[in-house]
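A.B. asks: Contents are CSV, C-alpha atoms; file name query.csv:
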chain,number,residue,atom,x,y,z
J,680,MET,CA,115.9,132.2,-26.6
J,681,ARG,CA,113.2,132.7,-29.2
J,682,THR,CA,110.7,135.5,-29.2
J,683,LEU,CA,107.0,135.2,-29.9
J,684,GLU,CA,107.5,136.9,-33.3
J,685,GLU,CA,110.1,134.3,-34.2
J,686,VAL,CA,107.7,131.5,-33.2
J,687,ARG,CA,104.9,133.0,-35.3
J,688,ALA,CA,107.3,133.2,-38.3
J,689,THR,CA,108.2,129.5,-37.9
J,690,LEU,CA,104.5,128.6,-37.7
J,691,GLN,CA,103.9,130.5,-41.0
J,692,ILE,CA,106.7,128.6,-42.7
J,693,ALA,CA,105.3,125.3,-41.4
J,694,LYS,CA,101.9,126.4,-42.7
J,695,LEU,CA,100.3,126.0,-39.2
J,696,GLU,CA,97.6,128.3,-37.8
J,697,GLU,CA,98.3,129.8,-34.4
J,698,GLU,CA,94.7,129.3,-33.3
J,699,ASP,CA,94.9,125.6,-33.8
J,700,LEU,CA,97.6,125.3,-31.1
J,701,GLN,CA,97.5,125.5,-27.3
J,702,ASP,CA,97.8,129.1,-26.0
J,703,THR,CA,101.0,128.2,-24.1
J,704,ILE,CA,103.9,127.6,-26.4
J,705,HIS,CA,107.1,125.8,-25.2
J,706,CYS,CA,110.4,126.6,-26.8
J,707,LEU,CA,112.8,123.7,-26.1
J,708,ALA,CA,116.5,124.1,-25.8
J,709,PHE,CA,119.2,121.5,-24.7
J,710,GLY,CA,121.2,122.4,-21.6
J,711,GLN,CA,124.9,122.2,-21.5
J,712,ASN,CA,126.6,118.7,-21.4
J,713,VAL,CA,123.3,116.9,-21.9
J,714,SER,CA,123.8,113.1,-22.4
J,715,SER,CA,121.4,110.2,-22.9
J,716,ALA,CA,123.5,108.2,-20.3
J,717,ASP,CA,122.6,110.6,-17.5
J,718,TYR,CA,119.1,109.2,-16.9
J,719,CYS,CA,117.1,106.0,-17.1
J,720,LEU,CA,113.3,106.0,-17.5
J,721,MET,CA,111.0,103.4,-16.0
J,722,GLU,CA,107.4,102.8,-16.8
J,723,LEU,CA,105.3,102.3,-13.6
J,724,ASP,CA,101.8,100.9,-13.1
J,725,ASP,CA,99.3,102.4,-10.7
J,726,THR,CA,100.3,100.1,-7.9
J,727,LEU,CA,103.9,101.1,-8.0
J,728,CYS,CA,103.1,104.8,-8.4
J,729,LYS,CA,101.0,104.7,-5.3
J,730,GLN,CA,103.7,102.9,-3.3
J,731,ILE,CA,106.4,105.5,-4.4
J,732,GLU,CA,104.0,108.3,-3.5
J,733,ALA,CA,103.6,106.7,-0.1
J,734,GLY,CA,107.3,106.6,0.5
J,735,ALA,CA,108.0,103.0,-0.3
J,736,ASN,CA,111.3,101.7,-1.8
J,737,LEU,CA,111.8,99.8,-5.1
J,738,VAL,CA,114.8,97.4,-5.2
J,739,ILE,CA,116.5,95.8,-8.2
J,740,ARG,CA,117.7,92.3,-7.3
J,741,GLY,CA,119.7,89.5,-8.9
J,742,ASP,CA,123.2,87.9,-8.9
J,743,LYS,CA,125.6,88.6,-11.7
J,744,ASP,CA,124.5,85.5,-13.6
J,745,GLU,CA,120.7,86.3,-13.3
J,746,ARG,CA,118.3,88.5,-15.1
J,747,ALA,CA,117.5,91.5,-13.0
J,748,VAL,CA,114.1,91.9,-11.4
J,749,LEU,CA,112.5,94.8,-9.6
J,750,CYS,CA,110.7,94.3,-6.3
J,751,CYS,CA,108.5,96.4,-4.1
J,752,GLU,CA,107.3,95.3,-0.7
J,753,ASP,CA,105.1,92.5,-2.0
J,754,ILE,CA,105.4,92.1,-5.8
J,755,THR,CA,108.1,91.1,-8.2
J,756,TYR,CA,108.5,92.6,-11.7
J,757,ASP,CA,110.6,91.5,-14.7
J,758,LEU,CA,112.8,94.3,-16.0
J,759,LYS,CA,113.1,94.6,-19.8
J,760,VAL,CA,114.6,97.4,-22.0
J,761,ALA,CA,112.0,98.7,-24.5
J,762,ASP,CA,113.1,100.9,-27.4
J,763,THR,CA,110.9,103.7,-28.7
J,764,SER,CA,111.0,105.4,-32.1
J,765,ASN,CA,110.3,108.8,-30.4
J,766,LEU,CA,113.0,110.6,-28.5
J,767,LEU,CA,111.9,110.9,-24.9
J,768,LEU,CA,112.9,114.3,-23.3
J,769,PHE,CA,113.5,115.0,-19.6
J,770,ILE,CA,112.1,118.4,-18.7
J,771,PRO,CA,111.8,118.8,-14.9
J,772,GLY,CA,108.9,121.0,-13.8
J,773,CYS,CA,107.5,121.3,-17.3
J,774,PRO,CA,103.8,122.3,-17.0
J,775,THR,CA,101.2,120.5,-19.1
J,776,PRO,CA,98.2,122.2,-20.7
J,777,ASP,CA,95.8,121.0,-18.0
J,778,PRO,CA,97.0,123.1,-15.1
J,779,LEU,CA,97.7,126.2,-17.2
J,780,GLU,CA,95.1,128.9,-17.2
J,781,GLU,CA,93.5,129.8,-20.5
J,782,GLN,CA,95.0,132.9,-22.0
J,783,ARG,CA,91.8,133.8,-23.8
J,784,GLY,CA,93.3,134.0,-27.3
J,785,SER,CA,96.7,135.5,-26.3
J,786,SER,CA,99.8,133.3,-26.6
J,787,LEU,CA,102.2,132.7,-23.8
J,788,LEU,CA,105.8,131.8,-24.7
J,789,MET,CA,107.8,129.6,-22.2
J,790,ASN,CA,111.4,128.9,-22.8
J,791,THR,CA,112.1,125.3,-21.4
J,792,GLN,CA,115.5,123.6,-20.9
J,793,ILE,CA,116.0,119.9,-21.7
J,794,TRP,CA,118.0,118.2,-19.0
J,795,GLY,CA,118.3,114.8,-20.7
J,796,PHE,CA,116.9,112.5,-23.3
J,797,SER,CA,116.5,108.8,-24.1
J,798,SER,CA,115.4,106.5,-26.9
J,799,CYS,CA,114.5,103.6,-24.5
J,800,TYR,CA,113.0,102.9,-21.1
J,801,TRP,CA,112.6,100.1,-18.6
J,802,GLU,CA,109.4,98.2,-19.1
J,803,LEU,CA,108.0,96.3,-16.1
J,804,ARG,CA,105.9,93.1,-16.2
J,805,ARG,CA,104.6,91.4,-13.1
J,806,GLN,CA,106.1,87.9,-12.7
J,807,ARG,CA,106.2,85.0,-10.4
J,808,PRO,CA,108.9,85.4,-7.7
J,809,ARG,CA,112.0,83.2,-8.2
J,810,LEU,CA,112.0,81.2,-5.0
J,811,LYS,CA,113.6,77.9,-5.7
J,812,LYS,CA,117.0,79.3,-4.9
J,813,LEU,CA,115.8,80.1,-1.4
J,814,LYS,CA,115.5,76.4,-0.4
J,815,ARG,CA,118.7,75.6,-2.2
J,816,LEU,CA,120.6,78.1,-0.1
J,817,LEU,CA,119.1,76.9,3.2
J,818,LEU,CA,119.9,73.3,2.3
J,819,GLU,CA,123.6,74.2,2.3
J,820,ASN,CA,123.5,73.9,6.1
J,821,PRO,CA,120.2,72.3,7.4
J,822,TYR,CA,119.6,72.3,11.1
J,823,GLY,CA,119.7,68.9,12.7
J,824,GLY,CA,119.1,69.8,16.3
J,825,PRO,CA,121.2,71.3,19.1
J,826,ALA,CA,124.8,70.3,19.3
J,827,LEU,CA,125.5,67.6,21.8
J,828,GLY,CA,127.5,68.4,24.9
J,829,GLY,CA,130.9,69.8,24.1
J,830,GLN,CA,130.4,69.6,20.3
J,831,GLU,CA,130.4,72.7,18.1
J,832,GLU,CA,127.6,73.3,15.6
J,833,ASP,CA,128.4,72.9,11.9
J,834,SER,CA,129.9,76.2,10.7
J,835,GLY,CA,128.4,76.0,7.2
J,836,ASN,CA,126.7,78.9,5.4
J,837,LYS,CA,123.9,80.6,7.3
J,838,TYR,CA,121.6,83.4,6.1
J,839,THR,CA,119.9,86.3,7.8
J,840,MET,CA,116.8,88.0,6.2
J,841,GLU,CA,119.1,90.7,4.9
J,842,ASP,CA,121.3,88.1,3.2
J,843,LEU,CA,118.3,86.4,1.6
J,844,LEU,CA,117.0,89.8,0.3
J,845,GLU,CA,120.4,90.3,-1.4
J,846,ARG,CA,120.3,86.8,-3.0
J,847,ILE,CA,116.7,86.0,-3.8
J,848,GLN,CA,114.7,87.6,-6.6
J,849,ALA,CA,111.5,88.2,-4.8
J,850,SER,CA,109.9,90.8,-2.6
J,851,GLN,CA,110.2,90.5,1.2
J,852,GLN,CA,106.6,89.4,1.7
J,853,GLU,CA,107.0,86.7,-1.0
J,854,ILE,CA,110.2,85.5,0.7
J,855,GLU,CA,108.6,85.4,4.1
J,856,SER,CA,105.6,83.5,2.8
J,857,GLN,CA,107.9,80.9,1.1
J,858,LEU,CA,110.0,80.5,4.3
J,859,GLN,CA,106.7,79.6,6.0
J,860,ASN,CA,105.8,77.2,3.2
J,861,ILE,CA,109.1,75.3,3.4
J,862,HIS,CA,109.0,75.1,7.2
J,863,ALA,CA,112.0,77.3,7.7
J,864,CYS,CA,112.8,78.6,11.2
J,865,GLN,CA,114.7,81.5,12.5
J,866,ILE,CA,117.5,80.4,14.9
J,867,ASP,CA,119.9,82.9,16.5
J,868,GLY,CA,119.0,85.4,13.9
J,869,TYR,CA,119.6,83.1,10.9
J,870,TRP,CA,116.9,81.4,8.8
J,871,ARG,CA,117.4,77.6,8.8
J,872,LEU,CA,115.8,74.7,7.1
J,873,LEU,CA,115.3,71.7,9.4
J,874,ASP,CA,116.9,68.4,8.4
J,875,PHE,CA,113.9,66.3,7.3
J,876,ASP,CA,114.7,63.4,9.6
J,877,TYR,CA,114.9,65.9,12.6
J,878,GLU,CA,111.6,67.5,11.6
J,879,MET,CA,110.0,64.1,11.5
J,880,LYS,CA,111.5,63.3,14.9
J,881,LEU,CA,109.9,66.4,16.3
J,882,LEU,CA,106.5,65.5,14.7
J,883,SER,CA,106.8,62.0,16.2
J,884,HIS,CA,107.3,63.4,19.7
J,885,VAL,CA,104.2,65.5,19.3
J,886,THR,CA,101.9,62.7,17.9
J,887,GLN,CA,103.1,60.2,20.5
J,888,LEU,CA,102.3,62.7,23.3
J,889,VAL,CA,98.9,63.3,21.8
J,890,ASP,CA,98.3,59.5,21.8
J,891,SER,CA,99.6,59.0,25.4
J,892,GLU,CA,97.4,61.9,26.7
J,893,SER,CA,94.4,60.7,24.7
J,894,TRP,CA,94.0,64.1,23.2
J,895,SER,CA,91.9,65.1,20.2
J,896,PHE,CA,94.1,66.1,17.2
J,897,GLY,CA,92.0,69.2,17.2
J,898,LYS,CA,93.0,70.3,20.7
J,899,VAL,CA,96.8,70.0,21.5
J,900,SER,CA,97.9,72.1,24.4
J,901,LEU,CA,101.1,74.1,23.7
J,902,ALA,CA,101.9,74.5,27.4
J,903,VAL,CA,101.8,70.7,28.1
J,904,CYS,CA,103.8,70.0,24.9
J,905,LEU,CA,106.5,72.4,26.0
J,906,GLU,CA,106.5,71.0,29.6
J,907,GLU,CA,106.6,67.3,28.6
J,908,LEU,CA,108.8,67.5,25.5
J,909,GLY,CA,111.1,70.3,26.7
J,910,PRO,CA,113.6,67.9,28.3
J,911,LEU,CA,113.9,66.1,24.9
J,912,GLU,CA,114.1,69.0,22.4
J,913,PRO,CA,114.4,72.8,22.5
J,914,ARG,CA,111.1,74.5,23.2
J,915,GLN,CA,111.5,76.7,20.1
J,916,MET,CA,111.7,73.6,17.9
J,917,ILE,CA,108.6,72.0,19.5
J,918,GLU,CA,106.5,75.2,19.0
J,919,HIS,CA,107.9,75.5,15.4
J,920,CYS,CA,106.8,71.9,14.7
J,921,LEU,CA,103.3,72.7,16.0
J,922,ASN,CA,103.2,75.8,13.8
J,923,CYS,CA,104.2,73.8,10.7
J,924,TYR,CA,101.7,71.0,11.2
J,925,GLY,CA,98.9,72.7,13.1
J,926,ARG,CA,96.6,75.7,13.3
J,927,ARG,CA,97.1,77.9,16.4
J,928,TYR,CA,94.2,79.2,18.4
J,929,VAL,CA,93.3,80.4,21.9
J,930,ASP,CA,90.7,78.9,24.2
J,931,ASN,CA,90.1,80.2,27.7
J,932,ASN,CA,93.4,82.1,27.6
J,933,GLU,CA,95.3,78.9,26.8
J,934,VAL,CA,97.1,78.3,23.4
J,935,PHE,CA,96.1,75.1,21.5
J,936,TYR,CA,96.9,73.7,18.1
J,937,ALA,CA,94.6,71.7,15.8
J,938,LEU,CA,96.9,69.3,13.9
J,939,ASP,CA,96.4,69.3,10.1
J,940,GLU,CA,95.6,65.7,9.1
J,941,ASP,CA,96.6,66.3,5.5
J,942,GLN,CA,99.9,67.9,6.4
J,943,VAL,CA,100.9,65.0,8.8
J,944,CYS,CA,99.9,62.3,6.3
J,945,ARG,CA,101.7,64.1,3.5
J,946,ALA,CA,104.9,64.3,5.6
J,947,THR,CA,104.7,60.6,6.5
J,948,ALA,CA,104.3,59.7,2.8
J,949,LEU,CA,107.4,61.8,1.9
J,950,MET,CA,109.3,59.9,4.6
J,951,LEU,CA,108.3,56.6,3.0
J,952,LEU,CA,108.7,57.6,-0.7
J,953,GLN,CA,112.2,59.0,-0.4
J,954,ASN,CA,113.5,55.6,0.6
J,955,ALA,CA,112.6,53.8,-2.7
J,956,VAL,CA,112.6,54.6,-6.4
J,957,LYS,CA,109.1,53.1,-6.9
J,958,PHE,CA,106.5,51.4,-4.7
J,959,ASN,CA,103.7,49.0,-5.4
J,960,LEU,CA,100.7,51.3,-5.0
J,961,ALA,CA,98.6,48.9,-3.0
J,962,GLU,CA,101.5,48.0,-0.6
J,963,PHE,CA,102.4,51.6,-0.2
J,964,GLN,CA,98.9,52.6,0.8
J,965,GLU,CA,98.8,49.9,3.4
J,966,VAL,CA,102.2,50.8,4.9
J,967,TRP,CA,101.3,54.5,4.7
J,968,GLN,CA,98.1,54.1,6.7
J,969,GLN,CA,99.9,52.0,9.3
J,970,SER,CA,102.6,54.7,9.6
J,971,VAL,CA,100.4,57.7,10.4
J,972,PRO,CA,99.0,58.4,13.9
J,973,GLU,CA,96.0,56.3,14.8
J,974,GLY,CA,92.8,58.2,14.1
J,975,MET,CA,94.2,59.9,11.0
J,976,GLY,CA,93.1,58.8,7.5
J,977,THR,CA,95.3,58.7,4.4
J,978,ARG,CA,94.0,59.6,0.9
J,979,LEU,CA,95.8,59.8,-2.4
J,980,ASP,CA,94.6,63.4,-3.0
J,981,GLN,CA,96.9,64.4,-0.1
J,982,LEU,CA,99.9,63.6,-2.4
J,983,LYS,CA,99.2,66.2,-5.1
J,984,GLY,CA,102.5,67.7,-6.3
J,985,LEU,CA,104.4,65.2,-4.2
J,986,ALA,CA,103.9,61.7,-5.8
J,987,LEU,CA,103.3,60.4,-9.3
J,988,LEU,CA,100.9,57.4,-9.8
J,989,ASP,CA,101.3,55.0,-12.7
J,990,ARG,CA,98.0,53.2,-13.2
J,991,SER,CA,99.0,51.8,-16.6
J,992,SER,CA,101.6,49.5,-15.1
J,993,GLN,CA,100.9,46.1,-13.6
J,994,PRO,CA,100.8,46.3,-10.7
J,995,GLU,CA,100.0,50.0,-10.3
J,996,THR,CA,103.0,52.0,-8.8
J,997,ILE,CA,103.7,55.2,-7.0
J,998,SER,CA,107.0,57.2,-7.0
J,999,LEU,CA,108.3,60.4,-5.5
J,1000,LEU,CA,108.0,63.5,-7.8
J,1001,ARG,CA,108.0,66.8,-5.9
J,1002,VAL,CA,106.9,69.9,-7.8
J,1003,GLU,CA,109.6,71.9,-5.9
J,1004,ASP,CA,112.3,69.8,-7.6
J,1005,LEU,CA,111.2,70.8,-11.1
J,1006,GLY,CA,112.4,73.8,-13.1
J,1007,GLU,CA,111.1,77.3,-12.5
J,1008,ASP,CA,110.9,78.3,-16.2
J,1009,THR,CA,107.6,77.3,-17.8
J,1010,LEU,CA,109.0,75.7,-21.0
J,1011,GLU,CA,111.7,73.9,-19.0
J,1012,ARG,CA,109.0,72.5,-16.6
J,1013,PHE,CA,106.9,71.1,-19.5
J,1014,ASN,CA,109.9,69.6,-21.1
J,1015,GLN,CA,110.8,67.8,-17.8
J,1016,LEU,CA,107.3,66.5,-17.4
J,1017,PHE,CA,106.9,65.2,-20.9
J,1018,THR,CA,110.3,63.6,-20.7
J,1019,LEU,CA,109.2,61.7,-17.5
J,1020,ARG,CA,105.9,60.7,-19.1
J,1021,GLU,CA,104.9,61.1,-22.7
J,1022,LYS,CA,101.1,61.6,-22.1
J,1023,TRP,CA,99.4,63.1,-19.1
J,1024,THR,CA,95.8,63.5,-18.0
J,1025,GLU,CA,94.8,67.0,-16.9
J,1026,GLU,CA,94.2,65.7,-13.4
J,1027,ASP,CA,97.7,64.3,-13.1
J,1028,ILE,CA,99.6,67.2,-14.6
J,1029,THR,CA,97.7,70.1,-13.0
J,1030,PRO,CA,99.5,69.9,-9.6
J,1031,TYR,CA,102.8,70.1,-11.4
J,1032,ILE,CA,102.0,73.3,-13.4
J,1033,GLN,CA,99.6,75.2,-11.1
J,1034,ASP,CA,102.4,77.3,-9.6
J,1035,LEU,CA,103.4,78.4,-13.1
J,1036,CYS,CA,100.1,80.2,-13.7
J,1037,ALA,CA,100.2,84.0,-13.8
J,1038,GLU,CA,97.5,86.1,-12.2
J,1039,LYS,CA,94.1,85.1,-13.4
J,1040,GLN,CA,95.6,82.3,-15.6
J,1041,THR,CA,94.4,78.7,-15.4
J,1042,ALA,CA,96.3,75.4,-15.8
J,1043,ALA,CA,94.0,74.7,-18.7
J,1044,ALA,CA,95.3,77.9,-20.5
J,1045,LEU,CA,98.9,76.8,-19.9
J,1046,LEU,CA,98.2,73.4,-21.4
J,1047,THR,CA,96.6,74.9,-24.4
J,1048,LYS,CA,99.8,76.9,-25.0
J,1049,TYR,CA,102.5,74.4,-24.2
J,1050,ALA,CA,100.8,71.0,-24.9
J,1051,ARG,CA,98.8,69.2,-27.6
J,1052,SER,CA,95.6,67.3,-26.6
J,1053,SER,CA,94.2,64.0,-27.9
J,1054,LEU,CA,91.9,61.2,-26.9
J,1055,GLN,CA,93.3,57.9,-25.5
J,1056,ASN,CA,90.7,55.3,-24.6
J,1057,ALA,CA,88.1,58.1,-24.5
J,1058,VAL,CA,90.2,60.0,-22.0
J,1059,LYS,CA,91.7,63.4,-22.9
J,1060,VAL,CA,95.5,63.4,-22.6
J,1061,PHE,CA,98.2,65.9,-23.2
J,1062,ASN,CA,101.6,65.5,-24.8
J,1063,SER,CA,104.5,67.8,-25.9
J,1064,ARG,CA,104.2,70.1,-28.9
J,1065,ARG,CA,107.8,69.2,-29.8
J,1066,THR,CA,109.9,66.1,-30.1
J,1067,LEU,CA,111.9,65.6,-26.9
J,1068,ALA,CA,115.2,63.6,-26.6
J,1069,LYS,CA,114.9,60.5,-24.5
Represent the structure contained in this file as structure tokens.
C.D. replies:
Amino acid sequence: MRTLEEVRATLQIAKLEEEDLQDTIHCLAFGQNVSSADYCLMELDDTLCKQIEAGANLVIRGDKDERAVLCCEDITYDLKVADTSNLLLFIPGCPTPDPLEEQRGSSLLMNTQIWGFSSCYWELRRQRPRLKKLKRLLLENPYGGPALGGQEEDSGNKYTMEDLLERIQASQQEIESQLQNIHACQIDGYWRLLDFDYEMKLLSHVTQLVDSESWSFGKVSLAVCLEELGPLEPRQMIEHCLNCYGRRYVDNNEVFYALDEDQVCRATALMLLQNAVKFNLAEFQEVWQQSVPEGMGTRLDQLKGLALLDRSSQPETISLLRVEDLGEDTLERFNQLFTLREKWTEEDITPYIQDLCAEKQTAAALLTKYARSSLQNAVKVFNSRRTLAK
């Protein structure tokens, strides 16, 4: 260990004035068997620091073939190794100048031991959760209703929340939100995605009951639905359907649902569109309106991110194109879209890129980065910045 006199001699050789330095002087020394592999450093933002101080956990998620992400309770971060030209030293309990009392001109020597060192650290960057895998896993074994008498239910893959947390690169809150978005349901402790035909069957039961009872779509009684439809389907499934396609509220201590017209019309359109490659637009609109419950109105803006209109063809056509079926990577998504259609208007392409926008980022900003704009018949259109293989 150095003495104060040795330090002053070193300062003199280095041509440094003692009064130009802090009053407290640290003499650093490496401990025994110190290795750069003993520790990893991670840079945290204020949000993560506060969560750790509050006792929250951070989890690194990803399968062997995936790039690792770090998740807190509600946010997902990309993990990237960042190199630094300065050697970073680990010194537990090392006091900084701020909390040290001024020595009023007298120098204080502190001998400090280095526990470890590193020339890199984990850099965190907030990113969109990677959720497409969630639906893919649940579609391995969709739920098509209760097994008929004597039959055993399909023994395919089923996932609990713990299983999904192990496989999906997203925080628990983000996973729970997506499960609600894709109309997943927890059955016997496992999260299941309903077979689409079965989901539409449940919705048909509800809308037919509304019609037979002459109810308003804004006031559908849960109790009556369970009583009337219970002999046909499990009560849990009936309530789940109402939660998917309606807004729950309480009136005079009774639970009611207000059916969402846009959601019902959108589901009906999906049922029609998945049965054909392309539809004559005018014929589709007529069949679509006839297929929804009487009293509900269909509009093309209900199909954003679900169907693609081609107004340049004669006659005009409509085809199924779900945003959820497109790639999760931004460049991959744009390549897919410009392969499908060479030129897009901003109105047409925005529903298919909106989910790619980072926090405070707009679809227009994404288009500026990944597409080239031009005018076609006085209308602004966007095409790829690169040549794509047909």
A.B. asks: Quick one: residues within 9 Å of region 940-957 of chain J, all atoms listed in the file, excluding same-chain residues fewer than 2 positions away - as a ChimeraX atom specification?
C.D. replies: /J:875-876,879,882,896,923-925,938,959-960,963,966-968,970-972,975-978,981-982,985-986,996-999
A.B. asks: In Å, with one decimal, what is the gap from CA of Phe709 (chain J) to CA of Glu802 (chain J)?
C.D. replies: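 So the answer is 25.9 Å.
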A.B. asks: Using all atoms listed in the file, find all polymer residues with an atom at most 12 Å away from the point (95.5, 78.4, 21.3); report them as a list in words.
C.D. replies: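 Those within range, by chain then number, are Gly897, Lys898, Val899, Ser900, Leu901, Ala902, Glu918, Leu921, Asn922, Gly925, Arg926, Arg927, Tyr928, Val929, Asp930, Asn931, Asn932, Glu933, Val934, Phe935, Tyr936, Ala937 and Leu938 of chain J.
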A.B. asks: Which value, in Å to one decimal, gives the distance between CA of Ala747 (chain J) and CA of Ala735 (chain J)?
C.D. replies: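 Answer for the CA of Ala747 (chain J) to CA of Ala735 (chain J) separation: 19.6 Å.
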A.B. asks: Do a neighbour search on Ile866 (chain J) at 12 Å with all atoms listed in the file, toss out local chain neighbours closer than 5 positions, and write the hits as a PyMOL selection string.
C.D. replies: chain J and resi 821-825+837-840+871-873+913+915-916+919
A.B. asks: Just want the 12 Å neighbourhood of Arg681 (chain J), counted on only C-alpha atoms, with same-chain residues fewer than 5 positions away dropped. Output as a compact mmCIF listing (two decimals) with C-alpha atoms, in the coordinates of the input.
C.D. replies:
# COMPACT_ATOMS: atom_id res chain seq x y z
CA VAL J 686 107.70 131.50 -33.20
CA ARG J 687 104.90 133.00 -35.30
CA ALA J 688 107.30 133.20 -38.30
CA THR J 689 108.20 129.50 -37.90
CA ILE J 704 103.90 127.60 -26.40
CA HIS J 705 107.10 125.80 -25.20
CA CYS J 706 110.40 126.60 -26.80
CA LEU J 707 112.80 123.70 -26.10
CA ALA J 708 116.50 124.10 -25.80
CA LEU J 788 105.80 131.80 -24.70
CA MET J 789 107.80 129.60 -22.20
CA ASN J 790 111.40 128.90 -22.80
CA THR J 791 112.10 125.30 -21.40
A.B. asks: Determine, counting only C-alpha atoms, which protein, DNA and RNA residues have an atom within 7 Å of an atom of Arg846 (chain J); residues of the same chain fewer than 4 positions away are not included. Present the result as a PyMOL selection string.
C.D. replies: chain J and resi 741-742+842
A.B. asks: What does the distance between CA of Pro910 (chain J) and CA of Val885 (chain J) come to in Å, to one decimal place?
C.D. replies: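 We find that CA of Pro910 (chain J) and CA of Val885 (chain J) lie 13.2 Å from each other.
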A.B. asks: List the spatial neighbours of Leu803 (chain J) as number ranges by chain - criterion: any atom at most 7 Å away, all atoms listed in the file, same-chain residues fewer than 4 positions off excluded.
C.D. replies: J: 722, 756-759
A.B. asks: Go through J:Asp1008, J:Glu745, J:Glu878, J:Asp890 one by one, measure the shortest atom-to-atom distance of each to Gly974 (chain J) using all atoms listed in the file, and give the residue with the smallest value.
C.D. replies: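 Nearest to Gly974 (chain J): J:Asp890.
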